[in-house]
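Working notes, structure below.
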Amino acid sequence: MISTLHIKNIGIIDDINIDLSEGFNVLTGETGAGKTLIVDSLGIIAGGRFSKEMIRRGENNSFVELSLYLPENENSIDGTIIVSREINLNGKNLCKINGRLVTVNKLKEFMKNIIDIHGQFDNQTLMDKIYHTKYLDKFVGKELKEIKDQYIKFYENYKEIKIKLQNNYGDEKEKQRKIDLLKYQLNEIEVANLKNGEEETLEERRKIMMNSEKISENLNNIDSNLNNTTIDSISESIRSLEKISNIDNKYNDKLVELKNIYYEVQELARDIGNMKDEIYFDEKERDEVEKRIDVIFSLKRKYGNSIEEILDYKKEICQEIENIENVEEENTKLKNELKIIKDKMNILCEKITNLRKKYSSKLNEKINKELQDLDMKNSKFYSKVIIDNEFSEDGLSHIEFLISTNLGEEYKPLGKIASGGEMSRIMLAIKTVLADIDEVPVLIFDEVDTGISGKTANVVGEKLRKISDKHQVLIVTHLASVAAKGEHNYYIYKENINGKTKTNIKILNEEEVIEEIARIASGTITEIALSHARELRNNHAA
């Protein structure tokens with residue numbers, strides 16, 4: 001439940017604190033006093049949309065804070081949760097849950113399970129079809145729960161086996177797709193016929209080709225120098241040493257050294273000549289080298305950073321193909337298990353769906369009766385059972401709540417129906433029937449009394465009071481018969497202080513409640529109005 005609501009700088013609200021109680025809380029006051037702003041503020045703290053124009057004139061931000069008492073909530077500290085939202089003129093939002101910063105979406109998701117606002121805001125769980133199956137299943141009760149508990153055990157096992165089969169390529173299409181892919185990759189690598197060290201050799205070859213003109217020019221120069229100058233000069237020098245080699249051993253030694261140099265230079269000249277011949281390449285050879293390098297680059301981009309890594313990946317492919325082709329025995333066993341589980345699940349799903357169909361009709365009947373009581377004779381509620389093609393945690397069917405608000409109109413999702421009082425009364429009818437199973441603790445109704453009076457207004461009050469036995473209910477009302485049902489009545493009023501209008505609120509004692517009911521009923525507080533107010537109040541007590 002909401003223990004305290006603190007609102008600051010929203011519209012004409014300056015700074016107010018509202019202490020709320022369990023049960024049926026009624027908010028009344030004159031038009032323009034700020035009642036709607038209080039509901040707006042609750043919508044804001046519930047993660048709803050906010051316009052900067054709502055910030056009080058002359059202020060830089062708005063602030064809303066709730067103190068919630070939820071002893072069974074995992075986020076509570078000694079049963080208390082503090083939720084706040086500050087919105088600045090620059091659009092910056094600061095949302096906190098127990099002092100911890102959260103996003104607006106996180107705030108909305110958290111508050112969705114705590115507050116339902118029936119009016120202009122769209123954060124009701126009943127508007128979200130994700131919750132519809134849960135509502136109907138809780139309406140069915142123990143009989144369905146026992147079957148669903150059995151089903152969930154099989155469903156968890158079903159999911160585990162599906163994952164194992166997927167990992168083992170137990171799905172035939174997935175298995176064939178994977179094998180085809182692996183064999184394509186294997187063939188692509190094998191056709192390339194890669195060899196370790198090949199890329200380095202090709203890169204060296206390409207480098208020589210790209211510099212062939214420069215290499216040729218310099219090798220020709222060296223070849224010319226060696227053959228035309230150096231070798232002839234050394235040969236001439238040898239002949240000169242031969243003429244004096246017998247005179248002294250030292251000349252003979254130098255002759256031997258020079259002859260060795262002559263032979264080495266001759267060898268060097270032959271090598272240079274061979275190198276010179278090797279640098280001439282035709283275009284075909286150039287293209288082949290470039291294409292081969294492109295092939296290696298393409299394979300590296302797909303399968304590894306080097307030829308060595310690509311060849312290692314090839315080994316992995318071969319092993320994986322072998323593994324896939326050898327898991328058939330294990331997969332056959334898993335598929336047999338899956339078939340047995342699916343057969344059992346199908347039986348349970350049929351029971352679940354049949355129960356949903358049976359109780360869906362009962363729920364429709366109950367809610368449509370409530371709509372009749374609320375003077376919505378042309379509106380029809382329909383909880384539709386939809387059959388699914390795939391197993392889910394809900395079985396092979398789910399529920400969607402639909403409504404038709406006029407005779408002859410087709411049923412539409414709750415989110416598509418009219419807003420305002422009509423929407424609120426439809427929600428009131430649904431909440432009345434689902435009050436015992438609805439786990440959202442706080443229900444807020446705005447505009448629920450639009451366009452109704454007399455007997456219908458009295459029925460609205462009775463239904464709200466009944467719901468408040470299981471939930472904390474807050475309602476903004478203009479109807480005396482609804483206000484008379486209140487357990488805790490609050491009066492919202494505005495006052496002028498120092499030239500500024502501000503909203504204020506006070507809780508009414510029993511005498512003040514009678515006076516407020518009289519004011520709502522007749523516009524002025526007279527003895528007749530007070531007598532009528534006491535009668536309404538006494539009827540509430542009875």
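Ordered as shown in the structure tokens, chains take letters A, B, and onward, while each chain numbers its residues from 1 and ligands are numbered from 1 in the order shown.
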Neighbouring residues of stretch 16-20 of chain A were defined as those with any atom within 10 Å, considering only C-alpha atoms; residues of the same chain fewer than 2 positions away were excluded. Please report them as a VMD selection string. chain A and resid 1 to 9 13 to 14 22 to 25 38 64 to 67 472 474 488 to 490 502 to 507
Keeping N, CA, C and O atoms for every residue in the selection just given, could you write it to a file as a compact mmCIF listing (two decimals), in the first residue's frame?
```txt
# COMPACT_ATOMS: atom_id res chain seq x y z
N MET A 1 0.84 -1.20 0.00
CA MET A 1 0.00 0.00 0.00
C MET A 1 0.88 1.25 0.00
O MET A 1 2.05 1.22 0.37
N ILE A 2 0.27 2.38 -0.42
CA ILE A 2 0.95 3.67 -0.36
C ILE A 2 0.76 4.23 1.04
O ILE A 2 -0.36 4.42 1.50
N SER A 3 1.88 4.47 1.73
CA SER A 3 1.80 5.07 3.07
C SER A 3 1.76 6.59 2.97
O SER A 3 0.95 7.25 3.62
N THR A 4 2.69 7.14 2.14
CA THR A 4 2.78 8.59 2.01
C THR A 4 3.05 8.96 0.56
O THR A 4 3.85 8.31 -0.11
N LEU A 5 2.38 10.01 0.10
CA LEU A 5 2.62 10.56 -1.23
C LEU A 5 3.11 12.00 -1.05
O LEU A 5 2.45 12.82 -0.40
N HIS A 6 4.28 12.29 -1.63
CA HIS A 6 4.85 13.64 -1.55
C HIS A 6 4.94 14.19 -2.96
O HIS A 6 5.54 13.58 -3.85
N ILE A 7 4.31 15.36 -3.19
CA ILE A 7 4.30 15.99 -4.51
C ILE A 7 4.83 17.41 -4.38
O ILE A 7 4.42 18.16 -3.50
N LYS A 8 5.71 17.78 -5.31
CA LYS A 8 6.29 19.12 -5.27
C LYS A 8 6.37 19.70 -6.68
O LYS A 8 6.84 19.04 -7.60
N ASN A 9 5.88 20.92 -6.84
CA ASN A 9 6.02 21.71 -8.08
C ASN A 9 5.38 21.05 -9.31
O ASN A 9 5.97 20.97 -10.38
N ILE A 13 0.22 22.63 -7.57
CA ILE A 13 0.70 22.01 -6.32
C ILE A 13 2.09 22.53 -6.02
O ILE A 13 3.02 22.38 -6.82
N ASP A 14 2.21 23.15 -4.86
CA ASP A 14 3.51 23.68 -4.42
C ASP A 14 4.31 22.59 -3.74
O ASP A 14 5.34 22.15 -4.23
N GLU A 22 -4.97 1.99 4.49
CA GLU A 22 -5.51 0.81 3.82
C GLU A 22 -6.98 1.03 3.50
O GLU A 22 -7.63 1.93 4.05
N GLY A 23 -7.51 0.18 2.61
CA GLY A 23 -8.94 0.24 2.33
C GLY A 23 -9.31 1.27 1.30
O GLY A 23 -8.58 1.52 0.34
N PHE A 24 -10.48 1.92 1.50
CA PHE A 24 -11.10 2.78 0.49
C PHE A 24 -10.81 4.25 0.81
O PHE A 24 -11.34 4.82 1.75
N ASN A 25 -9.93 4.87 0.01
CA ASN A 25 -9.56 6.27 0.16
C ASN A 25 -10.26 7.10 -0.90
O ASN A 25 -10.09 6.84 -2.10
N ILE A 38 -3.16 15.22 -8.66
CA ILE A 38 -2.69 14.16 -7.76
C ILE A 38 -2.63 12.82 -8.49
O ILE A 38 -1.66 12.07 -8.38
N VAL A 64 8.16 13.84 -7.31
CA VAL A 64 7.11 12.99 -6.73
C VAL A 64 7.81 11.86 -5.99
O VAL A 64 8.76 11.26 -6.49
N GLU A 65 7.31 11.56 -4.78
CA GLU A 65 7.91 10.49 -3.98
C GLU A 65 6.81 9.69 -3.30
O GLU A 65 5.82 10.25 -2.82
N LEU A 66 6.99 8.38 -3.28
CA LEU A 66 6.06 7.47 -2.60
C LEU A 66 6.80 6.69 -1.53
O LEU A 66 7.91 6.22 -1.74
N SER A 67 6.12 6.54 -0.40
CA SER A 67 6.58 5.58 0.60
C SER A 67 5.59 4.43 0.54
O SER A 67 4.39 4.60 0.79
N GLN A 472 -5.72 -1.64 -1.60
CA GLN A 472 -5.85 -0.22 -1.27
C GLN A 472 -6.43 0.47 -2.49
O GLN A 472 -5.90 0.35 -3.60
N LEU A 474 -7.79 4.10 -4.23
CA LEU A 474 -7.88 5.57 -4.23
C LEU A 474 -8.79 5.97 -5.37
O LEU A 474 -8.62 5.49 -6.50
N HIS A 488 -11.75 6.50 4.29
CA HIS A 488 -10.86 7.62 4.58
C HIS A 488 -11.12 8.67 3.51
O HIS A 488 -10.83 8.45 2.34
N ASN A 489 -11.66 9.80 3.91
CA ASN A 489 -12.04 10.84 2.96
C ASN A 489 -11.08 12.04 3.06
O ASN A 489 -10.80 12.53 4.15
N TYR A 490 -10.62 12.49 1.88
CA TYR A 490 -9.68 13.60 1.81
C TYR A 490 -10.31 14.73 0.99
O TYR A 490 -10.95 14.48 -0.04
N LYS A 502 -2.11 27.75 -4.66
CA LYS A 502 -1.49 26.45 -4.35
C LYS A 502 -2.56 25.47 -3.86
O LYS A 502 -3.56 25.86 -3.28
N THR A 503 -2.32 24.20 -4.15
CA THR A 503 -3.23 23.14 -3.74
C THR A 503 -2.87 22.66 -2.34
O THR A 503 -1.69 22.55 -1.98
N ASN A 504 -3.91 22.33 -1.58
CA ASN A 504 -3.68 21.75 -0.26
C ASN A 504 -4.65 20.58 -0.07
O ASN A 504 -5.60 20.41 -0.84
N ILE A 505 -4.42 19.80 0.98
CA ILE A 505 -5.25 18.62 1.21
C ILE A 505 -5.37 18.38 2.70
O ILE A 505 -4.44 18.67 3.47
N LYS A 506 -6.53 17.88 3.11
CA LYS A 506 -6.68 17.51 4.52
C LYS A 506 -7.58 16.29 4.62
O LYS A 506 -8.46 16.06 3.77
N ILE A 507 -7.35 15.49 5.65
CA ILE A 507 -8.21 14.34 5.89
C ILE A 507 -9.40 14.81 6.71
O ILE A 507 -9.26 15.65 7.62
```
I want to know what sits within 12 Å of A:Asp294, based on only C-alpha atoms, with residues of the same chain fewer than 4 positions away left out; could you give that as a ChimeraX atom specification? /A:192,199,202-203,287-290,298-301
I need the residues from that last selection saved to file as a PDB file, in the first residue's frame (with C-alpha atoms), if you can.
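Result file follows (part34.pdb):
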```pdb
ATOM      1  CA  ALA A 192      43.603 -24.181 -52.787  1.00  0.00           C
ATOM      2  CA  GLU A 199      52.882 -17.037 -48.945  1.00  0.00           C
ATOM      3  CA  LEU A 202      55.099 -15.542 -53.342  1.00  0.00           C
ATOM      4  CA  GLU A 203      55.499 -12.171 -51.633  1.00  0.00           C
ATOM      5  CA  ASP A 287      48.974 -12.690 -63.123  1.00  0.00           C
ATOM      6  CA  GLU A 288      49.428 -16.169 -61.662  1.00  0.00           C
ATOM      7  CA  VAL A 289      51.380 -14.831 -58.697  1.00  0.00           C
ATOM      8  CA  GLU A 290      48.800 -12.092 -58.041  1.00  0.00           C
ATOM      9  CA  SER A 298      40.594 -14.597 -49.222  1.00  0.00           C
ATOM     10  CA  LEU A 299      41.101 -17.806 -47.252  1.00  0.00           C
ATOM     11  CA  LYS A 300      42.919 -15.948 -44.489  1.00  0.00           C
ATOM     12  CA  ARG A 301      39.997 -13.525 -44.188  1.00  0.00           C
TER      13      ARG A 301
END
```
12 Å contact set for A:Leu311, only C-alpha atoms, chain neighbours under 2 positions out, as a PyMOL selection string: chain A and resi 185-186+188-190+192-196+296+299-300+303-309+313-318
Prev. selection, N, CA, C and O atoms, output as a CSV table (one decimal), in the first residue's frame:
```csv
chain,number,residue,atom,x,y,z
A,185,GLN,N,33.4,-25.4,-46.9
A,185,GLN,CA,34.6,-24.8,-46.4
A,185,GLN,C,35.8,-25.7,-46.6
A,185,GLN,O,36.9,-25.3,-47.0
A,186,LEU,N,35.6,-27.0,-46.3
A,186,LEU,CA,36.7,-28.0,-46.5
A,186,LEU,C,37.1,-28.0,-48.0
A,186,LEU,O,38.3,-28.0,-48.3
A,188,GLU,N,36.8,-25.7,-50.3
A,188,GLU,CA,37.5,-24.5,-50.6
A,188,GLU,C,38.9,-24.5,-50.2
A,188,GLU,O,39.8,-24.0,-51.0
A,189,ILE,N,39.2,-25.0,-49.0
A,189,ILE,CA,40.6,-25.1,-48.5
A,189,ILE,C,41.4,-26.1,-49.3
A,189,ILE,O,42.6,-25.9,-49.7
A,190,GLU,N,40.8,-27.3,-49.5
A,190,GLU,CA,41.5,-28.4,-50.2
A,190,GLU,C,41.9,-28.0,-51.7
A,190,GLU,O,42.9,-28.3,-52.1
A,192,ALA,N,42.5,-25.2,-52.8
A,192,ALA,CA,43.6,-24.2,-52.8
A,192,ALA,C,45.0,-24.9,-52.7
A,192,ALA,O,46.0,-24.3,-53.1
A,193,ASN,N,45.0,-26.1,-52.1
A,193,ASN,CA,46.2,-26.9,-51.9
A,193,ASN,C,47.4,-26.0,-51.3
A,193,ASN,O,48.5,-25.9,-51.9
A,194,LEU,N,47.1,-25.4,-50.2
A,194,LEU,CA,48.0,-24.5,-49.5
A,194,LEU,C,49.2,-25.3,-49.0
A,194,LEU,O,49.1,-26.5,-48.6
A,195,LYS,N,50.4,-24.6,-48.9
A,195,LYS,CA,51.6,-25.2,-48.3
A,195,LYS,C,52.2,-24.2,-47.4
A,195,LYS,O,52.3,-23.0,-47.7
A,196,ASN,N,52.7,-24.6,-46.3
A,196,ASN,CA,53.4,-23.7,-45.3
A,196,ASN,C,54.6,-23.1,-46.0
A,196,ASN,O,55.4,-23.7,-46.6
A,296,ILE,N,45.0,-16.8,-51.3
A,296,ILE,CA,45.5,-17.0,-49.9
A,296,ILE,C,44.9,-15.9,-49.0
A,296,ILE,O,44.4,-16.2,-47.9
A,299,LEU,N,41.2,-16.7,-48.2
A,299,LEU,CA,41.1,-17.8,-47.3
A,299,LEU,C,41.5,-17.3,-45.9
A,299,LEU,O,40.9,-17.8,-44.9
A,300,LYS,N,42.5,-16.5,-45.8
A,300,LYS,CA,42.9,-15.9,-44.5
A,300,LYS,C,41.8,-15.1,-43.9
A,300,LYS,O,41.6,-15.2,-42.7
A,303,TYR,N,39.3,-18.0,-42.7
A,303,TYR,CA,39.6,-19.1,-41.8
A,303,TYR,C,40.8,-19.0,-40.9
A,303,TYR,O,41.1,-19.9,-40.2
A,304,GLY,N,41.5,-17.9,-41.0
A,304,GLY,CA,42.7,-17.8,-40.1
A,304,GLY,C,43.6,-16.7,-40.6
A,304,GLY,O,43.5,-16.2,-41.7
A,305,ASN,N,44.6,-16.3,-39.7
A,305,ASN,CA,45.5,-15.2,-40.0
A,305,ASN,C,46.7,-15.7,-40.8
A,305,ASN,O,47.5,-14.8,-41.2
A,306,SER,N,46.9,-17.0,-41.0
A,306,SER,CA,48.1,-17.5,-41.7
A,306,SER,C,47.7,-18.8,-42.3
A,306,SER,O,46.7,-19.4,-42.0
A,307,ILE,N,48.6,-19.3,-43.3
A,307,ILE,CA,48.3,-20.6,-43.9
A,307,ILE,C,48.3,-21.7,-42.8
A,307,ILE,O,47.5,-22.6,-42.9
A,308,GLU,N,49.2,-21.5,-41.9
A,308,GLU,CA,49.3,-22.5,-40.8
A,308,GLU,C,47.9,-22.6,-40.0
A,308,GLU,O,47.4,-23.7,-39.8
A,309,GLU,N,47.3,-21.4,-39.7
A,309,GLU,CA,46.0,-21.4,-39.0
A,309,GLU,C,44.9,-22.0,-39.9
A,309,GLU,O,44.0,-22.7,-39.4
A,313,TYR,N,42.5,-25.1,-39.1
A,313,TYR,CA,41.1,-25.0,-39.2
A,313,TYR,C,40.5,-26.2,-40.1
A,313,TYR,O,39.5,-26.7,-39.8
A,314,LYS,N,41.3,-26.5,-41.1
A,314,LYS,CA,40.9,-27.6,-42.0
A,314,LYS,C,40.8,-28.9,-41.1
A,314,LYS,O,39.8,-29.7,-41.3
A,315,LYS,N,41.7,-29.1,-40.3
A,315,LYS,CA,41.7,-30.3,-39.4
A,315,LYS,C,40.4,-30.3,-38.5
A,315,LYS,O,39.8,-31.3,-38.3
A,316,GLU,N,40.1,-29.1,-38.0
A,316,GLU,CA,38.9,-29.0,-37.1
A,316,GLU,C,37.7,-29.3,-37.9
A,316,GLU,O,36.7,-29.9,-37.3
A,317,ILE,N,37.6,-28.8,-39.1
A,317,ILE,CA,36.4,-29.1,-40.0
A,317,ILE,C,36.2,-30.6,-40.1
A,317,ILE,O,35.1,-31.1,-40.0
A,318,CYS,N,37.3,-31.2,-40.5
A,318,CYS,CA,37.2,-32.7,-40.7
A,318,CYS,C,36.7,-33.4,-39.4
A,318,CYS,O,35.9,-34.3,-39.5
```
Close residues, A:Glu370 itself excluded, 8 Å, only C-alpha atoms, min 4 positions apart in chain, as a list in words: Lys366, Leu374, Ala429, Ile430, Thr432 and Val433 of chain A
Dump of C-alpha atoms for the selected residues, as a CSV table (one decimal), in the first residue's frame:
```
chain,number,residue,atom,x,y,z
A,366,LYS,CA,-19.5,-12.7,-14.4
A,374,LEU,CA,-22.7,-0.5,-14.0
A,429,ALA,CA,-16.1,-4.5,-13.6
A,430,ILE,CA,-13.1,-6.7,-14.4
A,432,THR,CA,-14.5,-6.6,-9.1
A,433,VAL,CA,-14.6,-10.2,-10.5
```
What's the 10 Å shell around A:Leu226, counting only C-alpha atoms, without same-chain residues fewer than 6 positions away, as a list in words?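 That gives Asn220, Asp232, Ser233, Val265, Gln266, Leu268, Ala269, Arg270 and Ile272 of chain A.
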Hey, what does DSSP flag as strand (DSSP E) within stretch 99-272 of chain A? Can you give it to me as a list in words? Arg100, Leu101, Val102, Ile115, Asp116, Ile117 and His118 of chain A
For the selection just defined, write its residues with N, CA and C atoms to a file, as a short mmCIF file (atom, residue, chain, number, x, y, z; two decimals), in the first residue's frame.
```cif
data_model
loop_
_atom_site.label_atom_id
_atom_site.label_comp_id
_atom_site.auth_asym_id
_atom_site.auth_seq_id
_atom_site.Cartn_x
_atom_site.Cartn_y
_atom_site.Cartn_z
N ARG A 100 18.45 4.00 -5.08
CA ARG A 100 19.26 3.51 -6.19
C ARG A 100 18.70 4.04 -7.50
N LEU A 101 19.57 4.67 -8.30
CA LEU A 101 19.14 5.22 -9.58
C LEU A 101 18.68 4.13 -10.53
N VAL A 102 17.56 4.34 -11.21
CA VAL A 102 17.06 3.40 -12.22
C VAL A 102 16.57 4.21 -13.41
N ILE A 115 0.97 -0.55 -8.75
CA ILE A 115 -0.12 0.41 -8.94
C ILE A 115 -0.80 0.20 -10.28
N ASP A 116 -2.12 0.14 -10.26
CA ASP A 116 -2.93 0.21 -11.48
C ASP A 116 -3.70 1.52 -11.45
N ILE A 117 -3.52 2.34 -12.47
CA ILE A 117 -4.26 3.60 -12.56
C ILE A 117 -5.29 3.47 -13.67
N HIS A 118 -6.55 3.58 -13.30
CA HIS A 118 -7.63 3.44 -14.29
C HIS A 118 -8.19 4.81 -14.59
#
```
Non-local contacts of A:Leu144 (8 Å; only C-alpha atoms; under 5 positions in same chain excluded) as a PyMOL selection string: chain A and resi 137+352+355
For N, CA and C atoms, I'd like the residues from the last selection saved as a CSV table (one decimal), in the first residue's frame.
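Output saved as selection_11.csv:
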```csv
chain,number,residue,atom,x,y,z
A,137,ASP,N,-6.0,-18.0,-15.5
A,137,ASP,CA,-5.6,-19.2,-14.8
A,137,ASP,C,-5.8,-19.2,-13.3
A,352,ILE,N,-5.5,-28.3,-20.1
A,352,ILE,CA,-5.4,-26.9,-19.8
A,352,ILE,C,-6.3,-26.0,-20.7
A,355,LEU,N,-10.0,-26.4,-19.8
A,355,LEU,CA,-10.4,-25.7,-18.6
A,355,LEU,C,-10.4,-24.2,-18.9
```
Go ahead and compute the interatomic distance for atom CA of A:Ala33 and atom CA of A:Ile55, in Å to one decimal.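 It comes out at 16.4 Å.
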Running DSSP on the backbone, which parts of stretch 98-205 of chain A land in helix (DSSP H, G or I), as a ChimeraX atom specification? /A:104-111,125-127,129-140,142-167,172-192,198-205
Excluding A:Arg465 and any residue of its chain fewer than 6 positions from it, enumerate the residues within 9 Å of it, using only C-alpha atoms, and give them as a list in words.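 The neighbour list is Gly23, Phe24, Val473, Val482, Lys485, Gly486 and Glu487 of chain A.
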With a cut-off of 10 Å, could you pull out the residues of stretch 112-164 of chain A touching stretch 378-392 of chain A and give me the nearest pair of atoms for each, distance in Å to one decimal, using only C-alpha atoms, ordered by chain and ascending number, as a tab-separated table?
```
residue	atom	partner	partner_atom	distance
A:His132	CA	A:Ser383	CA	8.4
A:Thr133	CA	A:Val385	CA	8.9
A:Leu136	CA	A:Ser383	CA	8.3
A:Ile152	CA	A:Ser392	CA	9.2
A:Tyr155	CA	A:Ser392	CA	7.7
A:Glu156	CA	A:Ser392	CA	9.9
A:Tyr158	CA	A:Phe391	CA	9.3
A:Lys159	CA	A:Phe391	CA	9.6
```
Just N, CA and C atoms for this one: save the residues we selected as a PDB file, in the first residue's frame.
```pdb
ATOM      1  N   HIS A 132      -2.993 -11.518 -19.260  1.00  0.00           N
ATOM      2  CA  HIS A 132      -4.361 -12.035 -19.362  1.00  0.00           C
ATOM      3  C   HIS A 132      -4.445 -13.536 -19.052  1.00  0.00           C
ATOM      4  N   THR A 133      -3.494 -14.302 -19.554  1.00  0.00           N
ATOM      5  CA  THR A 133      -3.504 -15.747 -19.294  1.00  0.00           C
ATOM      6  C   THR A 133      -3.339 -16.013 -17.804  1.00  0.00           C
ATOM      7  N   LEU A 136      -6.718 -15.353 -15.986  1.00  0.00           N
ATOM      8  CA  LEU A 136      -7.712 -16.405 -16.164  1.00  0.00           C
ATOM      9  C   LEU A 136      -7.297 -17.671 -15.425  1.00  0.00           C
ATOM     10  N   ILE A 152       4.678 -27.884 -16.488  1.00  0.00           N
ATOM     11  CA  ILE A 152       5.917 -27.093 -16.424  1.00  0.00           C
ATOM     12  C   ILE A 152       7.130 -28.004 -16.245  1.00  0.00           C
ATOM     13  N   TYR A 155       7.769 -29.382 -19.519  1.00  0.00           N
ATOM     14  CA  TYR A 155       8.208 -28.312 -20.419  1.00  0.00           C
ATOM     15  C   TYR A 155       9.676 -27.965 -20.199  1.00  0.00           C
ATOM     16  N   GLU A 156      10.126 -27.949 -18.960  1.00  0.00           N
ATOM     17  CA  GLU A 156      11.530 -27.668 -18.668  1.00  0.00           C
ATOM     18  C   GLU A 156      12.415 -28.761 -19.254  1.00  0.00           C
ATOM     19  N   TYR A 158      11.575 -30.695 -21.746  1.00  0.00           N
ATOM     20  CA  TYR A 158      11.429 -30.525 -23.198  1.00  0.00           C
ATOM     21  C   TYR A 158      12.434 -29.510 -23.739  1.00  0.00           C
ATOM     22  N   LYS A 159      12.564 -28.377 -23.039  1.00  0.00           N
ATOM     23  CA  LYS A 159      13.501 -27.338 -23.477  1.00  0.00           C
ATOM     24  C   LYS A 159      14.944 -27.831 -23.405  1.00  0.00           C
TER      25      LYS A 159
END
```
